[in-house]
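So this block is final19.cif, mmCIF, C-alpha atoms:
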```
data_target
#
loop_
_atom_site.label_atom_id
_atom_site.label_comp_id
_atom_site.auth_asym_id
_atom_site.auth_seq_id
_atom_site.Cartn_x
_atom_site.Cartn_y
_atom_site.Cartn_z
CA MET A 1 27.22 -14.61 -29.81
CA LEU A 2 24.88 -14.74 -32.83
CA THR A 3 25.40 -18.50 -33.07
CA ASP A 4 24.45 -18.89 -29.40
CA ILE A 5 21.29 -16.83 -29.85
CA ALA A 6 20.33 -18.81 -32.97
CA LEU A 7 20.85 -22.06 -31.03
CA ILE A 8 18.74 -20.74 -28.14
CA VAL A 9 15.86 -19.72 -30.41
CA LEU A 10 15.94 -23.00 -32.37
CA PHE A 11 15.98 -25.21 -29.27
CA ALA A 12 13.29 -23.10 -27.57
CA LEU A 13 10.97 -23.27 -30.58
CA ILE A 14 11.38 -27.05 -30.83
CA LEU A 15 10.74 -27.69 -27.12
CA ASN A 16 7.89 -25.15 -27.10
CA PHE A 17 6.26 -27.08 -29.95
CA LEU A 18 6.78 -30.45 -28.26
CA PHE A 19 5.35 -29.28 -24.93
CA LEU A 20 2.29 -27.80 -26.62
CA LYS A 21 1.79 -31.10 -28.45
CA ILE A 22 1.53 -32.96 -25.14
CA GLN A 23 -0.87 -30.34 -23.73
CA LEU A 24 1.68 -28.64 -21.45
CA PRO A 25 2.56 -24.92 -21.38
CA GLY A 26 5.11 -24.01 -24.04
CA ILE A 27 7.01 -21.79 -21.62
CA LEU A 28 8.19 -24.92 -19.79
CA GLY A 29 10.00 -25.96 -22.95
CA MET A 30 11.71 -22.57 -23.07
CA ILE A 31 12.79 -22.78 -19.42
CA ILE A 32 14.13 -26.30 -19.98
CA THR A 33 16.03 -24.99 -23.01
CA GLY A 34 17.86 -22.61 -20.69
CA VAL A 35 18.58 -25.40 -18.18
CA ILE A 36 19.93 -27.76 -20.89
CA LEU A 37 22.02 -25.20 -22.78
CA GLY A 38 23.06 -23.22 -19.70
CA PRO A 39 25.66 -23.78 -16.95
CA SER A 40 23.58 -26.48 -15.22
CA LEU A 41 24.08 -29.07 -18.00
CA LEU A 42 25.74 -28.56 -21.40
CA ASN A 43 27.09 -25.05 -20.75
CA LEU A 44 26.79 -24.12 -24.43
CA ILE A 45 25.73 -20.51 -23.82
CA ASP A 46 28.62 -18.07 -23.57
CA ALA A 47 28.77 -15.91 -20.43
CA SER A 48 28.45 -12.76 -22.56
CA VAL A 49 25.15 -14.08 -23.98
CA ILE A 50 23.89 -14.80 -20.44
CA ASP A 51 24.71 -11.17 -19.57
CA LEU A 52 22.82 -10.00 -22.67
CA LEU A 53 19.82 -12.14 -21.75
CA ARG A 54 19.91 -10.71 -18.23
CA GLU A 55 19.52 -7.19 -19.65
CA PHE A 56 16.95 -8.26 -22.21
CA LYS A 57 14.93 -10.01 -19.50
CA THR A 58 13.84 -6.58 -18.25
CA VAL A 59 12.79 -5.53 -21.74
CA ALA A 60 10.76 -8.72 -22.17
CA LEU A 61 9.04 -8.19 -18.83
CA ILE A 62 8.19 -4.62 -19.84
CA VAL A 63 6.71 -5.82 -23.15
CA ILE A 64 4.35 -8.26 -21.42
CA LEU A 65 3.28 -5.63 -18.87
CA ILE A 66 2.59 -3.14 -21.65
CA ARG A 67 0.41 -5.77 -23.33
CA ALA A 68 -1.42 -6.26 -20.05
CA GLY A 69 -1.98 -2.52 -19.58
CA LEU A 70 -3.28 -2.11 -23.11
CA GLY A 71 -5.99 -4.67 -22.30
CA ILE A 72 -7.34 -3.21 -19.03
CA LYS A 73 -10.39 -0.96 -19.37
CA LYS A 74 -11.52 1.53 -16.75
CA SER A 75 -14.74 -0.41 -16.17
CA THR A 76 -12.66 -3.54 -15.55
CA LEU A 77 -10.44 -1.73 -13.04
CA ASN A 78 -13.51 -0.49 -11.15
CA MET A 79 -14.78 -4.07 -10.98
CA ILE A 80 -11.58 -5.69 -9.65
CA GLY A 81 -10.07 -2.80 -7.66
CA GLY A 82 -10.58 -3.94 -4.06
CA PRO A 83 -9.74 -7.65 -4.49
CA ALA A 84 -6.72 -6.79 -6.68
CA ILE A 85 -5.29 -4.51 -3.98
CA ARG A 86 -5.75 -7.18 -1.32
CA MET A 87 -4.17 -9.83 -3.56
CA GLY A 88 -1.23 -7.50 -3.96
CA PHE A 89 -0.09 -7.90 -0.36
CA VAL A 90 -2.12 -10.38 1.75
CA PRO A 91 -0.85 -13.65 0.14
CA CYS A 92 2.71 -12.29 0.00
CA VAL A 93 2.82 -11.36 3.68
CA ILE A 94 1.20 -14.62 4.81
CA GLU A 95 3.62 -16.79 2.81
CA GLY A 96 6.65 -14.72 3.80
CA VAL A 97 5.87 -14.96 7.51
CA THR A 98 5.07 -18.68 7.20
CA VAL A 99 8.42 -19.45 5.57
CA LEU A 100 10.16 -17.24 8.14
CA ILE A 101 8.72 -19.27 11.02
CA LEU A 102 9.35 -22.64 9.38
CA SER A 103 12.95 -21.92 8.39
CA HIS A 104 13.68 -20.50 11.85
CA TYR A 105 12.51 -23.63 13.64
CA ILE A 106 13.31 -26.33 11.04
CA LEU A 107 16.58 -25.02 9.58
CA GLY A 108 17.77 -23.19 12.67
CA PHE A 109 18.06 -19.88 10.83
CA SER A 110 18.15 -16.65 12.80
CA ILE A 111 15.02 -14.50 12.45
CA ILE A 112 16.87 -12.20 10.03
CA GLU A 113 18.13 -15.06 7.83
CA ALA A 114 14.66 -16.64 7.92
CA GLY A 115 13.10 -13.28 6.96
CA MET A 116 15.37 -12.93 3.93
CA LEU A 117 14.42 -16.43 2.77
CA GLY A 118 10.73 -15.89 3.54
CA PHE A 119 10.41 -12.86 1.30
CA ILE A 120 12.56 -14.31 -1.45
CA PHE A 121 9.97 -17.11 -1.52
CA ALA A 122 6.99 -14.77 -1.17
CA ALA A 123 7.13 -13.07 -4.58
CA VAL A 124 4.89 -14.38 -7.36
CA SER A 125 6.40 -14.37 -10.87
CA PRO A 126 4.92 -11.81 -13.30
CA ALA A 127 6.99 -13.44 -16.06
CA VAL A 128 4.98 -16.65 -15.72
CA VAL A 129 1.65 -15.29 -14.51
CA VAL A 130 1.07 -12.33 -16.85
CA PRO A 131 1.48 -14.13 -20.22
CA SER A 132 -0.61 -17.03 -18.91
CA MET A 133 -3.40 -14.63 -17.92
CA LEU A 134 -3.24 -12.82 -21.26
CA ALA A 135 -3.53 -16.14 -23.10
CA LEU A 136 -6.70 -16.93 -21.13
CA LYS A 137 -8.08 -13.42 -21.74
CA ASP A 138 -7.49 -13.78 -25.48
CA LYS A 139 -9.56 -16.99 -25.47
CA GLY A 140 -12.35 -15.42 -23.40
CA PHE A 141 -11.85 -17.45 -20.22
CA GLY A 142 -12.95 -15.61 -17.07
CA LYS A 143 -13.87 -12.55 -19.13
CA HIS A 144 -17.28 -11.94 -17.55
CA LYS A 145 -15.78 -11.35 -14.09
CA GLU A 146 -12.32 -10.35 -15.40
CA VAL A 147 -10.58 -13.07 -13.37
CA PRO A 148 -7.30 -13.09 -15.40
CA THR A 149 -7.08 -9.28 -15.13
CA LEU A 150 -7.59 -9.51 -11.37
CA VAL A 151 -4.69 -11.96 -11.07
CA LEU A 152 -2.24 -10.04 -13.24
CA ALA A 153 -3.06 -6.73 -11.51
CA GLY A 154 -2.46 -8.27 -8.09
CA ALA A 155 0.75 -9.95 -9.24
CA SER A 156 2.22 -6.63 -10.40
CA VAL A 157 1.90 -5.23 -6.85
CA ASP A 158 2.87 -8.42 -5.01
CA ASP A 159 6.55 -8.06 -5.95
CA VAL A 160 6.75 -4.56 -4.46
CA PHE A 161 5.85 -5.91 -1.02
CA ALA A 162 8.11 -8.95 -1.28
CA ILE A 163 11.19 -7.03 -2.45
CA THR A 164 10.62 -4.18 0.01
CA ILE A 165 10.34 -6.48 3.03
CA PHE A 166 13.31 -8.54 1.78
CA GLY A 167 15.23 -5.25 1.69
CA VAL A 168 14.25 -4.60 5.31
CA PHE A 169 15.67 -7.94 6.48
CA THR A 170 18.77 -7.43 4.35
CA GLY A 171 19.22 -4.03 5.98
CA LEU A 172 18.89 -5.60 9.43
CA ALA A 173 21.45 -8.25 8.45
CA THR A 174 23.96 -5.58 7.43
CA GLY A 175 23.35 -3.54 10.57
CA THR A 176 21.38 -0.79 8.84
CA ALA A 177 18.71 0.88 10.98
CA VAL A 178 15.15 0.34 9.78
CA ASN A 179 12.56 3.10 10.20
CA VAL A 180 9.34 1.09 10.71
CA PRO A 181 6.86 4.04 10.57
CA TYR A 182 8.52 5.24 7.37
CA LEU A 183 8.31 1.73 5.93
CA ILE A 184 4.59 1.49 6.68
CA VAL A 185 4.01 4.76 4.80
CA SER A 186 6.53 4.25 1.98
CA VAL A 187 5.23 0.93 0.63
CA PRO A 188 1.68 2.11 -0.21
CA MET A 189 3.15 5.47 -1.24
CA GLY A 190 5.47 3.70 -3.68
CA ILE A 191 2.55 1.83 -5.21
CA ILE A 192 0.45 5.00 -5.56
CA LEU A 193 3.32 7.10 -6.92
CA GLY A 194 4.36 4.36 -9.36
CA ALA A 195 0.83 4.20 -10.75
CA LEU A 196 0.48 7.99 -10.91
CA ILE A 197 3.81 8.52 -12.68
CA GLY A 198 2.94 5.77 -15.14
CA ALA A 199 -0.46 7.35 -15.76
CA GLY A 200 1.24 10.72 -16.29
CA LEU A 201 3.55 9.19 -18.90
CA GLY A 202 0.50 7.64 -20.56
CA TYR A 203 -1.19 11.05 -20.85
CA LEU A 204 2.02 12.51 -22.27
CA LEU A 205 2.26 9.79 -24.91
CA VAL A 206 -1.42 10.20 -25.85
CA TRP A 207 -0.89 13.96 -26.31
CA TYR A 208 2.24 13.41 -28.40
CA PHE A 209 0.77 10.66 -30.59
CA LYS A 210 -2.33 12.76 -31.31
CA LYS A 211 -0.20 15.78 -32.16
CA VAL A 212 2.56 14.10 -34.18
CA HIS A 213 1.55 11.65 -36.89
CA ILE A 214 4.14 8.88 -37.27
CA ARG A 215 4.05 5.18 -38.09
CA ASP A 216 2.83 2.80 -35.40
CA THR A 217 6.21 1.03 -35.43
CA LYS A 218 7.90 4.28 -34.35
CA LYS A 219 5.22 4.77 -31.70
CA VAL A 220 6.09 1.33 -30.31
CA ILE A 221 9.76 2.33 -30.14
CA ILE A 222 8.94 5.59 -28.35
CA PHE A 223 6.59 3.76 -25.97
CA MET A 224 9.35 1.25 -25.15
CA ILE A 225 11.90 4.03 -24.54
CA PHE A 226 9.56 5.72 -22.06
CA ALA A 227 8.72 2.42 -20.34
CA VAL A 228 12.33 1.24 -20.06
CA ALA A 229 13.52 4.65 -18.84
CA PHE A 230 10.76 4.73 -16.22
CA TYR A 231 11.55 1.20 -15.02
CA GLU A 232 15.30 1.92 -14.80
CA PHE A 233 14.48 5.09 -12.84
CA THR A 234 12.48 3.08 -10.30
CA GLU A 235 15.47 0.71 -9.91
CA LEU A 236 17.99 3.45 -9.07
CA GLU A 237 19.42 3.07 -5.57
CA ALA A 238 19.07 6.83 -5.05
CA VAL A 239 15.32 6.50 -5.68
CA LYS A 240 14.95 3.32 -3.60
CA HIS A 241 16.60 5.13 -0.70
CA TYR A 242 13.47 7.28 -0.43
CA VAL A 243 10.68 5.09 -1.84
CA HIS A 244 10.26 1.77 -3.69
CA LEU A 245 8.23 2.84 -6.71
CA ALA A 246 5.96 0.18 -8.21
CA GLY A 247 7.59 0.21 -11.63
CA LEU A 248 5.72 -2.81 -12.98
CA LEU A 249 2.37 -1.33 -11.99
CA GLY A 250 3.38 2.03 -13.48
CA ILE A 251 4.16 0.43 -16.85
CA MET A 252 0.72 -1.18 -16.87
CA ALA A 253 -0.75 2.24 -16.03
CA ILE A 254 0.83 3.73 -19.18
CA GLY A 255 -0.99 1.21 -21.35
CA PHE A 256 -4.20 1.62 -19.34
CA VAL A 257 -4.28 5.40 -19.98
CA ILE A 258 -3.58 4.99 -23.70
CA LEU A 259 -6.44 2.48 -23.99
CA ASP A 260 -8.77 4.81 -22.06
CA LYS A 261 -7.90 8.01 -23.94
CA TYR A 262 -6.95 6.72 -27.39
CA PRO A 263 -8.51 3.23 -27.81
CA LYS A 264 -8.05 3.05 -31.58
CA LEU A 265 -4.29 3.52 -31.21
CA ALA A 266 -4.13 1.19 -28.19
CA ASN A 267 -5.60 -1.66 -30.22
CA ARG A 268 -3.09 -1.11 -33.02
CA LEU A 269 -0.18 -0.94 -30.59
CA ALA A 270 -1.36 -4.14 -28.89
CA VAL A 271 -1.06 -5.96 -32.22
CA LYS A 272 2.52 -4.67 -32.63
CA PHE A 273 3.54 -5.66 -29.09
CA ASN A 274 2.02 -9.12 -29.61
CA LYS A 275 4.53 -9.62 -32.43
CA VAL A 276 7.45 -8.32 -30.36
CA TRP A 277 6.50 -10.75 -27.60
CA VAL A 278 7.15 -13.78 -29.85
CA LEU A 279 10.94 -13.30 -29.55
CA ALA A 280 10.87 -11.58 -26.15
CA GLU A 281 9.08 -14.58 -24.60
CA ILE A 282 11.75 -17.00 -25.79
CA LEU A 283 14.66 -14.97 -24.46
CA LEU A 284 12.95 -14.25 -21.13
CA PHE A 285 12.18 -17.87 -20.25
CA VAL A 286 15.45 -19.24 -21.62
CA TYR A 287 17.21 -16.74 -19.34
CA ILE A 288 15.24 -17.99 -16.32
CA GLY A 289 16.29 -21.55 -17.13
CA ALA A 290 19.92 -20.57 -17.75
CA GLU A 291 20.10 -18.80 -14.38
CA LEU A 292 19.14 -21.99 -12.55
CA ASP A 293 22.12 -23.85 -11.16
CA ILE A 294 20.52 -27.12 -10.16
CA SER A 295 23.82 -28.29 -8.65
CA ASN A 296 22.92 -26.03 -5.70
CA ILE A 297 20.15 -28.46 -4.76
CA ASN A 298 21.29 -31.51 -2.82
CA GLY A 299 19.22 -34.49 -1.73
CA GLN A 300 19.35 -33.70 1.97
CA MET A 301 18.12 -30.16 1.42
CA MET A 302 15.43 -31.14 -1.08
CA GLY A 303 13.11 -32.85 1.42
CA VAL A 304 13.17 -29.99 3.93
CA GLY A 305 12.98 -27.40 1.15
CA LEU A 306 9.94 -29.03 -0.43
CA LEU A 307 8.19 -29.19 2.93
CA ILE A 308 8.76 -25.48 3.54
CA LEU A 309 7.81 -24.59 -0.03
CA PHE A 310 4.54 -26.53 -0.05
CA ILE A 311 3.41 -25.32 3.37
CA GLY A 312 4.21 -21.78 2.24
CA LEU A 313 2.20 -22.24 -0.96
CA LEU A 314 -0.70 -23.73 1.00
CA LEU A 315 -0.83 -20.74 3.34
CA ARG A 316 -0.33 -18.38 0.38
CA SER A 317 -3.38 -19.96 -1.24
CA GLY A 318 -5.31 -19.29 1.95
CA GLY A 319 -4.22 -15.67 1.68
CA VAL A 320 -5.63 -15.49 -1.86
CA TRP A 321 -8.94 -16.89 -0.60
CA LEU A 322 -9.04 -14.31 2.19
CA SER A 323 -8.33 -11.55 -0.34
CA LEU A 324 -11.33 -12.60 -2.41
CA ILE A 325 -13.86 -12.62 0.43
CA GLY A 326 -16.63 -10.22 -0.56
CA SER A 327 -15.81 -10.41 -4.28
CA ASN A 328 -18.26 -11.70 -6.89
CA LEU A 329 -16.11 -14.76 -7.69
CA ASN A 330 -17.51 -18.25 -7.14
CA ALA A 331 -15.60 -21.14 -5.51
CA LYS A 332 -14.14 -22.41 -8.80
CA GLU A 333 -12.86 -18.98 -9.79
CA LYS A 334 -11.32 -18.47 -6.34
CA LEU A 335 -9.60 -21.85 -6.64
CA PHE A 336 -8.18 -20.81 -9.99
CA CYS A 337 -6.78 -17.59 -8.50
CA MET A 338 -5.10 -19.62 -5.76
CA ILE A 339 -3.37 -21.84 -8.34
CA ALA A 340 -2.44 -18.85 -10.51
CA TYR A 341 -0.51 -17.37 -7.56
CA TRP A 342 1.86 -20.35 -7.24
CA PRO A 343 4.59 -19.66 -9.85
CA LYS A 344 7.93 -18.25 -8.71
CA ALA A 345 10.79 -17.40 -11.04
CA THR A 346 11.72 -13.79 -11.81
CA VAL A 347 12.35 -12.35 -8.36
CA GLN A 348 13.88 -15.55 -6.98
CA ALA A 349 16.36 -15.66 -9.88
CA ALA A 350 17.21 -11.99 -9.32
CA ILE A 351 17.71 -11.88 -5.55
CA GLY A 352 18.19 -15.50 -4.46
CA ALA A 353 21.97 -15.13 -4.42
CA VAL A 354 22.02 -11.71 -2.73
CA PRO A 355 22.39 -12.98 0.88
CA LEU A 356 25.26 -15.31 -0.08
CA THR A 357 27.02 -12.54 -2.00
CA LEU A 358 26.73 -10.13 0.93
CA ILE A 359 28.04 -12.78 3.32
CA GLN A 360 31.00 -13.59 1.06
CA GLU A 361 31.83 -9.90 0.71
CA GLY A 362 31.78 -9.46 4.48
CA VAL A 363 28.82 -7.04 4.39
CA ILE A 364 26.77 -9.47 6.46
CA THR A 365 28.93 -10.70 9.34
CA ASN A 366 26.45 -12.52 11.58
CA SER A 367 25.58 -15.28 9.09
CA SER A 368 27.59 -18.23 7.80
CA ILE A 369 28.46 -19.10 4.21
CA GLU A 370 26.37 -22.26 4.68
CA ALA A 371 23.28 -20.18 5.51
CA GLY A 372 23.73 -18.12 2.34
CA GLN A 373 24.22 -21.27 0.25
CA THR A 374 21.09 -22.80 1.76
CA ILE A 375 19.03 -19.69 0.95
CA LEU A 376 20.29 -19.79 -2.65
CA ALA A 377 19.58 -23.51 -2.98
CA LEU A 378 16.03 -23.08 -1.68
CA ALA A 379 15.44 -20.12 -4.02
CA VAL A 380 16.48 -22.32 -6.96
CA LEU A 381 14.29 -25.16 -5.67
CA SER A 382 11.29 -22.81 -5.45
CA ILE A 383 11.69 -21.95 -9.15
CA VAL A 384 12.29 -25.54 -10.28
CA VAL A 385 9.15 -26.76 -8.49
CA SER A 386 6.66 -23.87 -8.51
CA ALA A 387 7.22 -22.42 -12.01
CA PRO A 388 6.24 -25.62 -13.87
CA LEU A 389 3.67 -26.55 -11.21
CA GLY A 390 1.99 -23.16 -11.50
CA ALA A 391 2.22 -22.97 -15.29
CA ILE A 392 0.73 -26.44 -15.70
CA GLY A 393 -1.90 -25.69 -13.06
CA ILE A 394 -2.97 -22.49 -14.81
CA SER A 395 -3.07 -24.22 -18.20
CA LEU A 396 -5.10 -27.19 -17.01
CA THR A 397 -7.50 -25.45 -14.63
CA GLY A 398 -8.08 -22.21 -16.51
CA LYS A 399 -10.26 -23.97 -19.08
CA ARG A 400 -12.08 -26.02 -16.43
CA LEU A 401 -12.64 -23.54 -13.62
CA LEU A 402 -13.32 -20.37 -15.63
CA THR A 403 -16.34 -19.73 -17.83
CA GLN A 404 -15.53 -18.96 -21.46
CA ASP A 405 -17.16 -15.95 -23.10
CA VAL A 406 -17.18 -16.58 -26.84
CA ASN A 407 -18.42 -13.08 -27.73
#
```

What do you get writing this file as structure tokens?
Amino acid sequence: MLTDIALIVLFALILNFLFLKIQLPGILGMIITGVILGPSLLNLIDASVIDLLREFKTVALIVILIRAGLGIKKSTLNMIGGPAIRMGFVPCVIEGVTVLILSHYILGFSIIEAGMLGFIFAAVSPAVVVPSMLALKDKGFGKHKEVPTLVLAGASVDDVFAITIFGVFTGLATGTAVNVPYLIVSVPMGIILGALIGAGLGYLLVWYFKKVHIRDTKKVIIFMIFAVAFYEFTELEAVKHYVHLAGLLGIMAIGFVILDKYPKLANRLAVKFNKVWVLAEILLFVYIGAELDISNINGQMMGVGLLILFIGLLLRSGGVWLSLIGSNLNAKEKLFCMIAYWPKATVQAAIGAVPLTLIQEGVITNSSIEAGQTILALAVLSIVVSAPLGAIGISLTGKRLLTQDVN
């Protein structure tokens, strides 16, 4: 296992360096490391290491969201509040419905199968978007209007809508009754409750850290324990039965409260988490690459899949533009936000195989194995195409479309 991890880190660092040298995002090198070393090609990573990376992926995602929260000031939140909320659901719903319609008429899927695919596609990837936005923030791009913060705040809510609506279609596929009025209330309630619980944990940590004087390293460990425990709580089926809490948003809220109430400590913790992210980033993106089984994509499916994907992204971009009507962003900044909302990876890797698994287990009886395999193949295709496309787009356009504040 240790040899596998050493091999992963070495390969990832080399490819990260090479991609940066040719002016491409380093995370692409890490994803390709996972593809090369994983089951798709060389199969050099042991299954037990893949399982470990799967667990660590959550930790890595939490680290990057903590970093994001520790960089959002109250004045910034007041500035981006309305547009961020709209970006949290408008693009997601538009893309999901678009893919639903296209897959129903082009692939011949039932409405329920098309709905599952639509909202697998509809989720933006915080794993790709958040670190990219933080990199731009660190260099001062878009700082005056807080464009990167707007994108990462919206992205943290986007997944809640996508996963919740995917769950609705999955429930319909398994014959479970769906309470529509409850759903309409529970989604915004889950977002609000997730943020409030996260804020409450932030106040608790501020009180404890002011009262008990310990090293910053131990504070980071305590912070991580609280964040991981909170996220795992939001993922419990018993909790999801009542409400889908916005765990990612809640974790950002913890950091936000610490920055607001104890800024000196927040700045020190941010430095510590920046160092943790060096390894966490490698393992997160290598895992995404290792989870891709490119053998699922065949030539016949690729053409239709690309057509559906690109039309979905086009309409998603229109949803971003609609969300930003009335904001203080200019046309270039709006265009950047549209590109920043392209990447897909985390959610698609996590739930892309769910329909096929449920069909194979006999839980879903009204769909064929072929439909489940097609959904999985298109989920993989969406990652293979949109993750690098979005990462490259963000890297190339961020410096051209956003104004840099050197102060």

Problem - Counting all atoms listed in the file, the option among A:Glu237, A:Asp405, A:Glu146, A:Asp260 closest to Met79 of chain A - result: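 Between A:Glu237, A:Asp405, A:Glu146, A:Asp260, the residue approaching Met79 of chain A most closely is A:Glu146.
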
Exercise for the section: Just give me the gap between atom CA of Gly154 of chain A and atom CA of Leu20 of chain A in Å, one decimal is fine. Expected result: 27.3 Å

Practice task
Might you pull out every residue within 6 Å of segment 121-138 of chain A, with all atoms listed in the file counted and same-chain residues fewer than 3 positions away left off, and present them as a list in words?
Solution key: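 So, after excluding close chain neighbours, the residues are Cys92, Glu95, Gly96, Gly118, Phe141, Pro148, Leu152, Asp159, Ala162, Pro343, Lys344, Ala345 and Thr346 of chain A.
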
Identify all residues satisfying the PyMOL selection byres ((chain A and resi 328) around 12) in the given file; provide them as a CSV table (one decimal) with C-alpha atoms, in the coordinates of the input.
```csv
chain,number,residue,atom,x,y,z
A,79,MET,CA,-14.8,-4.1,-11.0
A,80,ILE,CA,-11.6,-5.7,-9.6
A,82,GLY,CA,-10.6,-3.9,-4.1
A,83,PRO,CA,-9.7,-7.6,-4.5
A,144,HIS,CA,-17.3,-11.9,-17.6
A,145,LYS,CA,-15.8,-11.4,-14.1
A,146,GLU,CA,-12.3,-10.4,-15.4
A,147,VAL,CA,-10.6,-13.1,-13.4
A,150,LEU,CA,-7.6,-9.5,-11.4
A,323,SER,CA,-8.3,-11.6,-0.3
A,324,LEU,CA,-11.3,-12.6,-2.4
A,325,ILE,CA,-13.9,-12.6,0.4
A,326,GLY,CA,-16.6,-10.2,-0.6
A,327,SER,CA,-15.8,-10.4,-4.3
A,329,LEU,CA,-16.1,-14.8,-7.7
A,330,ASN,CA,-17.5,-18.2,-7.1
A,331,ALA,CA,-15.6,-21.1,-5.5
A,332,LYS,CA,-14.1,-22.4,-8.8
A,333,GLU,CA,-12.9,-19.0,-9.8
A,334,LYS,CA,-11.3,-18.5,-6.3
```

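Residue selection for this entry, given the PyMOL selection byres ((chain A and resi 24) around 12), comprises Leu15, Asn16, Phe17, Leu18, Phe19, Leu20, Lys21, Ile22, Gln23, Pro25, Gly26, Ile27, Leu28, Gly29, Met30, Pro388, Leu389, Gly390, Ala391, Ile392, Gly393, Ile394, Ser395, Leu396 and Thr397 of chain A.
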
Dump C-alpha atoms for the selected residues as a PDB file, in the coordinates of the input?
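Everything below was put into part.pdb:
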```pdb
ATOM      1  CA  LEU A  15      10.740 -27.690 -27.120  1.00  0.00           C
ATOM      2  CA  ASN A  16       7.890 -25.150 -27.100  1.00  0.00           C
ATOM      3  CA  PHE A  17       6.260 -27.080 -29.950  1.00  0.00           C
ATOM      4  CA  LEU A  18       6.780 -30.450 -28.260  1.00  0.00           C
ATOM      5  CA  PHE A  19       5.350 -29.280 -24.930  1.00  0.00           C
ATOM      6  CA  LEU A  20       2.290 -27.800 -26.620  1.00  0.00           C
ATOM      7  CA  LYS A  21       1.790 -31.100 -28.450  1.00  0.00           C
ATOM      8  CA  ILE A  22       1.530 -32.960 -25.140  1.00  0.00           C
ATOM      9  CA  GLN A  23      -0.870 -30.340 -23.730  1.00  0.00           C
ATOM     10  CA  PRO A  25       2.560 -24.920 -21.380  1.00  0.00           C
ATOM     11  CA  GLY A  26       5.110 -24.010 -24.040  1.00  0.00           C
ATOM     12  CA  ILE A  27       7.010 -21.790 -21.620  1.00  0.00           C
ATOM     13  CA  LEU A  28       8.190 -24.920 -19.790  1.00  0.00           C
ATOM     14  CA  GLY A  29      10.000 -25.960 -22.950  1.00  0.00           C
ATOM     15  CA  MET A  30      11.710 -22.570 -23.070  1.00  0.00           C
ATOM     16  CA  PRO A 388       6.240 -25.620 -13.870  1.00  0.00           C
ATOM     17  CA  LEU A 389       3.670 -26.550 -11.210  1.00  0.00           C
ATOM     18  CA  GLY A 390       1.990 -23.160 -11.500  1.00  0.00           C
ATOM     19  CA  ALA A 391       2.220 -22.970 -15.290  1.00  0.00           C
ATOM     20  CA  ILE A 392       0.730 -26.440 -15.700  1.00  0.00           C
ATOM     21  CA  GLY A 393      -1.900 -25.690 -13.060  1.00  0.00           C
ATOM     22  CA  ILE A 394      -2.970 -22.490 -14.810  1.00  0.00           C
ATOM     23  CA  SER A 395      -3.070 -24.220 -18.200  1.00  0.00           C
ATOM     24  CA  LEU A 396      -5.100 -27.190 -17.010  1.00  0.00           C
ATOM     25  CA  THR A 397      -7.500 -25.450 -14.630  1.00  0.00           C
TER      26      THR A 397
END
```

Fill in the blank from the handout: Using all atoms listed in the file, the best pick from A:Leu265, A:Ala238, A:Ala280, A:Ala12 as closest to Ile214 of chain A would be A:Leu265

Practice task
May I ask for the distance between atom CA of Leu402 of chain A and atom CA of Gly319 of chain A, given in Å to one decimal place?
Solution key: 20.1 Å

I'd like the residues picked by the PyMOL selection byres ((chain A and resi 292) around 8) written out as a short mmCIF file (atom, residue, chain, number, x, y, z; two decimals) with C-alpha atoms, in the coordinates of the input, using the chain letters and numbers from the file.
```cif
data_model
loop_
_atom_site.label_atom_id
_atom_site.label_comp_id
_atom_site.auth_asym_id
_atom_site.auth_seq_id
_atom_site.Cartn_x
_atom_site.Cartn_y
_atom_site.Cartn_z
CA VAL A 35 18.58 -25.40 -18.18
CA SER A 40 23.58 -26.48 -15.22
CA ILE A 288 15.24 -17.99 -16.32
CA GLY A 289 16.29 -21.55 -17.13
CA ALA A 290 19.92 -20.57 -17.75
CA GLU A 291 20.10 -18.80 -14.38
CA ASP A 293 22.12 -23.85 -11.16
CA ILE A 294 20.52 -27.12 -10.16
CA ALA A 349 16.36 -15.66 -9.88
CA VAL A 380 16.48 -22.32 -6.96
#
```

Practice task
Skip Leu306 of chain A itself and residues of its chain fewer than 3 positions away, then list as a list of chain:residue names all residues within 9 Å of it, counting all atoms listed in the file.
Solution key: A:Met301, A:Met302, A:Gly303, A:Leu309, A:Phe310, A:Ile311, A:Leu378, A:Leu381, A:Ser382, A:Val385

Problem - Of the listed residues A:Asp4, A:Tyr242, A:Val99, A:Pro355, that which approaches Ser367 of chain A most closely, counting all atoms listed in the file - result: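 Once distances to Ser367 of chain A are computed over all atoms listed in the file, the minimum belongs to A:Pro355.
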
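The nearest approach to Leu102 of chain A among the residues A:Val239, A:Leu52, A:Ile308, A:Leu314, with only C-alpha atoms taken into account, belongs to A:Ile308.
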
Problem - Coordinates-based distance that separates atom CA of Val257 of chain A from atom CA of Thr76 of chain A (Å, one decimal) - result: 13.0 Å

For segment 338-355 of chain A, take all atoms listed in the file, fit an axis-aligned box around them, add 6 Å to each of the six sides, then output centre and edge lengths in Å rounded to one decimal, as JSON.
```
{"center_x": 8.6, "center_y": -16.8, "center_z": -5.5, "size_x": 39.5, "size_y": 22.1, "size_z": 24.7}
```

Handout entry: Selection near Ile351 of chain A, 9 Å with all atoms listed in the file, sequence-local residues under 2 positions removed, as a VMD selection string
Key = chain A and resid 120 163 346 to 349 353 to 355 376 379

Problem - Gly88 of chain A environment, 6 Å, all atoms listed in the file, sequence neighbours closer than 3 positions dropped, as a count of residues only - result: 4

Problem - Among the residues A:Gly34, A:Gly175, A:Gly69, A:Gly398, the one that comes closest to Gly362 of chain A [using only C-alpha atoms] - result: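 Under the stated criterion, the closest residue is A:Gly175.
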